[in-house]
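Asker: My questions all concern the structure below.
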Amino acid sequence: VILYVLLSGEPPFYGSNDQEIADSVRSQKYSFDAPVWNFLSVSCKELIQQMLTKPEKRLTAAQILTHPWVQDTADPLEATKLPNLITGNFKNFITCQKIKKVILTYLATQVSEREISTLKKHFISLDKNGDGVLSREEISE
């Protein structure tokens with residue numbers, strides 16, 4: 001989801017309310033129709049497709065890092081356009097609260113209750129002062 005947003009400046013899943021967004025996430029319907037996708041390679045789109053799929057079919061972090069698009073840092077034409085593309089889209093990403101909602105909704109539909117419980121325990125163990133925010137010092141300990 002984050003790579004899609006960084007490259008396009010838009011969330012892959014839409015809806016006018018939380019339920020519609022959740023339905024869109026579950027149906028895994030997204031497109032590469034925005035003009036920006038014309039500048040990105042088939043390899044890039046294939047990587048995103050392999051990342052925006054059901055958990056049992058999704059690439060692992062290690063597989064993503066060895067994907068040809070990541071390894072080849074895109075083709076030369078694509079590579080020259082990426083910095084400007086990402087800079088502009090990242091600004092859109094930061095200012096768009098809807099994106100945060102989409103990502104949280106997506107994550108909520110992909111993580112089991114047991115995994116959430118485990119993550120919560122890890123978070124609490126790291127949050128030494130109990131303020132609900134992890135500082136750099138708490139993370140590095």
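Scheme for the structure tokens: letters A, B, ... for chains in order shown; per-chain residue numbers from 1; ligand numbers from 1 in order shown.
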Stretch 109-121 of chain A: which residues within 10 Å, counting only C-alpha atoms, same-chain residues fewer than 3 positions away excluded, as a PyMOL selection string?
Answerer: chain A and resi 22-23+25-26+54-55+103-106+124-127
Asker: Store the residues picked out above in a file with N, CA and C atoms, as an mmCIF file, in the first residue's frame.
Answerer:
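out.cif was written with the following content:
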data_model
loop_
_atom_site.group_PDB
_atom_site.id
_atom_site.type_symbol
_atom_site.label_atom_id
_atom_site.label_comp_id
_atom_site.auth_asym_id
_atom_site.auth_seq_id
_atom_site.Cartn_x
_atom_site.Cartn_y
_atom_site.Cartn_z
ATOM 1 N N ALA A 22 -13.179 -0.782 3.460
ATOM 2 C CA ALA A 22 -12.892 -2.160 3.883
ATOM 3 C C ALA A 22 -13.300 -3.144 2.797
ATOM 4 N N ASP A 23 -14.451 -2.915 2.163
ATOM 5 C CA ASP A 23 -14.902 -3.790 1.070
ATOM 6 C C ASP A 23 -13.936 -3.727 -0.108
ATOM 7 N N VAL A 25 -10.762 -3.018 0.045
ATOM 8 C CA VAL A 25 -9.540 -3.725 0.454
ATOM 9 C C VAL A 25 -9.745 -5.227 0.311
ATOM 10 N N ARG A 26 -10.861 -5.728 0.818
ATOM 11 C CA ARG A 26 -11.124 -7.166 0.751
ATOM 12 C C ARG A 26 -11.227 -7.664 -0.690
ATOM 13 N N LYS A 54 -3.589 -11.371 -1.374
ATOM 14 C CA LYS A 54 -3.937 -12.079 -0.136
ATOM 15 C C LYS A 54 -2.657 -12.454 0.613
ATOM 16 N N PRO A 55 -2.704 -12.425 1.948
ATOM 17 C CA PRO A 55 -1.498 -12.690 2.740
ATOM 18 C C PRO A 55 -0.767 -13.971 2.368
ATOM 19 N N ILE A 103 -4.741 2.852 4.955
ATOM 20 C CA ILE A 103 -3.683 1.938 5.396
ATOM 21 C C ILE A 103 -4.081 1.228 6.683
ATOM 22 N N LEU A 104 -4.625 1.979 7.634
ATOM 23 C CA LEU A 104 -5.048 1.355 8.889
ATOM 24 C C LEU A 104 -6.161 0.345 8.659
ATOM 25 N N THR A 105 -7.090 0.680 7.782
ATOM 26 C CA THR A 105 -8.175 -0.250 7.455
ATOM 27 C C THR A 105 -7.609 -1.499 6.806
ATOM 28 N N TYR A 106 -6.686 -1.310 5.874
ATOM 29 C CA TYR A 106 -6.069 -2.446 5.193
ATOM 30 C C TYR A 106 -5.344 -3.345 6.197
ATOM 31 N N ILE A 124 4.073 -2.593 24.297
ATOM 32 C CA ILE A 124 4.053 -2.241 25.718
ATOM 33 C C ILE A 124 5.411 -2.504 26.363
ATOM 34 N N SER A 125 6.057 -3.595 25.968
ATOM 35 C CA SER A 125 7.369 -3.892 26.550
ATOM 36 C C SER A 125 8.426 -2.870 26.122
ATOM 37 N N LEU A 126 8.271 -2.286 24.937
ATOM 38 C CA LEU A 126 9.206 -1.256 24.466
ATOM 39 C C LEU A 126 8.900 0.118 25.060
ATOM 40 N N ASP A 127 7.633 0.389 25.331
ATOM 41 C CA ASP A 127 7.189 1.702 25.817
ATOM 42 C C ASP A 127 7.458 1.810 27.319
#
Asker: Would you pick out the contacts of A:Ile2 at 9 Å or less, using only C-alpha atoms, so that residues sharing its chain but fewer than 3 positions from it are not included, and give the list as a list of chain:residue names?
Answerer: A:Val5, A:Leu6, A:Leu7, A:Pro11, A:Ile103
Asker: Kindly save the residues from that selection, with N, CA and C atoms included, as a short mmCIF file (atom, residue, chain, number, x, y, z; two decimals), in the first residue's frame.
Answerer:
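Below is the file that was written, result.cif:
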data_model
loop_
_atom_site.label_atom_id
_atom_site.label_comp_id
_atom_site.auth_asym_id
_atom_site.auth_seq_id
_atom_site.Cartn_x
_atom_site.Cartn_y
_atom_site.Cartn_z
N VAL A 5 1.14 4.20 -2.84
CA VAL A 5 0.86 5.59 -2.50
C VAL A 5 2.06 6.48 -2.83
N LEU A 6 3.25 6.03 -2.49
CA LEU A 6 4.44 6.84 -2.77
C LEU A 6 4.62 7.08 -4.27
N LEU A 7 4.33 6.09 -5.07
CA LEU A 7 4.52 6.23 -6.51
C LEU A 7 3.40 7.01 -7.18
N PRO A 11 -4.25 6.49 -2.72
CA PRO A 11 -4.39 5.15 -2.13
C PRO A 11 -4.93 4.18 -3.19
N ILE A 103 -4.74 2.85 4.95
CA ILE A 103 -3.68 1.94 5.40
C ILE A 103 -4.08 1.23 6.68
#
Asker: Please report the interatomic distance between atom CA of A:Arg136 and atom CA of A:Phe123 in Å with one decimal.
Answerer: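 Straight-line distance from atom CA of A:Arg136 to atom CA of A:Phe123 works out to 13.3 Å.
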Asker: Quick one: pull the distance between atom CA of A:Tyr30 and atom CA of A:Phe13, Å, one decimal.
Answerer: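 Going from atom CA of A:Tyr30 over to atom CA of A:Phe13, I get 6.0 Å.
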Asker: Hey, what's within 9 Å of stretch 59-64 of chain A if we count only C-alpha atoms and toss same-chain stuff fewer than 6 positions away? As a PDB file with all heavy atoms, in the first residue's frame, please?
Answerer:
ATOM      1  N   LEU A  47       5.465  -6.003  -9.198  1.00  0.00           N
ATOM      2  CA  LEU A  47       5.854  -6.018  -7.785  1.00  0.00           C
ATOM      3  C   LEU A  47       4.687  -5.563  -6.915  1.00  0.00           C
ATOM      4  O   LEU A  47       4.351  -6.204  -5.922  1.00  0.00           O
ATOM      5  CB  LEU A  47       7.076  -5.133  -7.546  1.00  0.00           C
ATOM      6  CG  LEU A  47       7.464  -4.922  -6.075  1.00  0.00           C
ATOM      7  CD1 LEU A  47       7.833  -6.244  -5.413  1.00  0.00           C
ATOM      8  CD2 LEU A  47       8.621  -3.929  -5.973  1.00  0.00           C
ATOM      9  N   GLN A  50       2.072  -8.155  -6.638  1.00  0.00           N
ATOM     10  CA  GLN A  50       2.477  -9.255  -5.768  1.00  0.00           C
ATOM     11  C   GLN A  50       2.480  -8.848  -4.292  1.00  0.00           C
ATOM     12  O   GLN A  50       2.494  -9.697  -3.417  1.00  0.00           O
ATOM     13  CB  GLN A  50       3.857  -9.768  -6.188  1.00  0.00           C
ATOM     14  CG  GLN A  50       3.831 -10.438  -7.541  1.00  0.00           C
ATOM     15  CD  GLN A  50       5.220 -10.721  -8.091  1.00  0.00           C
ATOM     16  OE1 GLN A  50       6.216 -10.169  -7.647  1.00  0.00           O
ATOM     17  NE2 GLN A  50       5.288 -11.592  -9.086  1.00  0.00           N
ATOM     18  N   MET A  51       2.480  -7.538  -4.040  1.00  0.00           N
ATOM     19  CA  MET A  51       2.425  -7.045  -2.659  1.00  0.00           C
ATOM     20  C   MET A  51       0.986  -6.784  -2.210  1.00  0.00           C
ATOM     21  O   MET A  51       0.672  -6.917  -1.036  1.00  0.00           O
ATOM     22  CB  MET A  51       3.252  -5.762  -2.539  1.00  0.00           C
ATOM     23  CG  MET A  51       4.745  -5.987  -2.742  1.00  0.00           C
ATOM     24  SD  MET A  51       5.682  -4.457  -2.946  1.00  0.00           S
ATOM     25  CE  MET A  51       5.576  -3.759  -1.317  1.00  0.00           C
ATOM     26  N   THR A  53      -1.849  -8.404  -2.488  1.00  0.00           N
ATOM     27  CA  THR A  53      -2.610  -9.624  -2.698  1.00  0.00           C
ATOM     28  C   THR A  53      -2.894 -10.273  -1.350  1.00  0.00           C
ATOM     29  O   THR A  53      -2.469  -9.774  -0.305  1.00  0.00           O
ATOM     30  CB  THR A  53      -1.842 -10.580  -3.644  1.00  0.00           C
ATOM     31  OG1 THR A  53      -2.687 -11.664  -3.999  1.00  0.00           O
ATOM     32  CG2 THR A  53      -0.558 -11.091  -3.014  1.00  0.00           C
ATOM     33  N   VAL A  70      13.354  -3.907  -7.712  1.00  0.00           N
ATOM     34  CA  VAL A  70      14.151  -3.359  -6.611  1.00  0.00           C
ATOM     35  C   VAL A  70      15.635  -3.538  -6.902  1.00  0.00           C
ATOM     36  O   VAL A  70      16.421  -2.606  -6.721  1.00  0.00           O
ATOM     37  CB  VAL A  70      13.772  -4.033  -5.268  1.00  0.00           C
ATOM     38  CG1 VAL A  70      14.686  -3.578  -4.145  1.00  0.00           C
ATOM     39  CG2 VAL A  70      12.315  -3.759  -4.925  1.00  0.00           C
TER      40      VAL A  70
END
Asker: Counting only C-alpha atoms, which of A:Ser135, A:Asn129, A:Ser8, A:Thr66 gets nearest to A:Phe39?
Answerer: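 Nearest to A:Phe39: A:Ser8.
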Asker: For A:Glu20, which residue out of A:Val1, A:Val133, A:Cys44, A:Val102 is the nearest one, using only C-alpha atoms?
Answerer: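 Nearest to A:Glu20: A:Val102.
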Asker: Please, what distance in Å, to one decimal, runs between atom CA of A:Phe32 and atom CA of A:Tyr4?
Answerer: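 Atom-to-atom, atom CA of A:Phe32 and atom CA of A:Tyr4 are spaced 9.5 Å apart.
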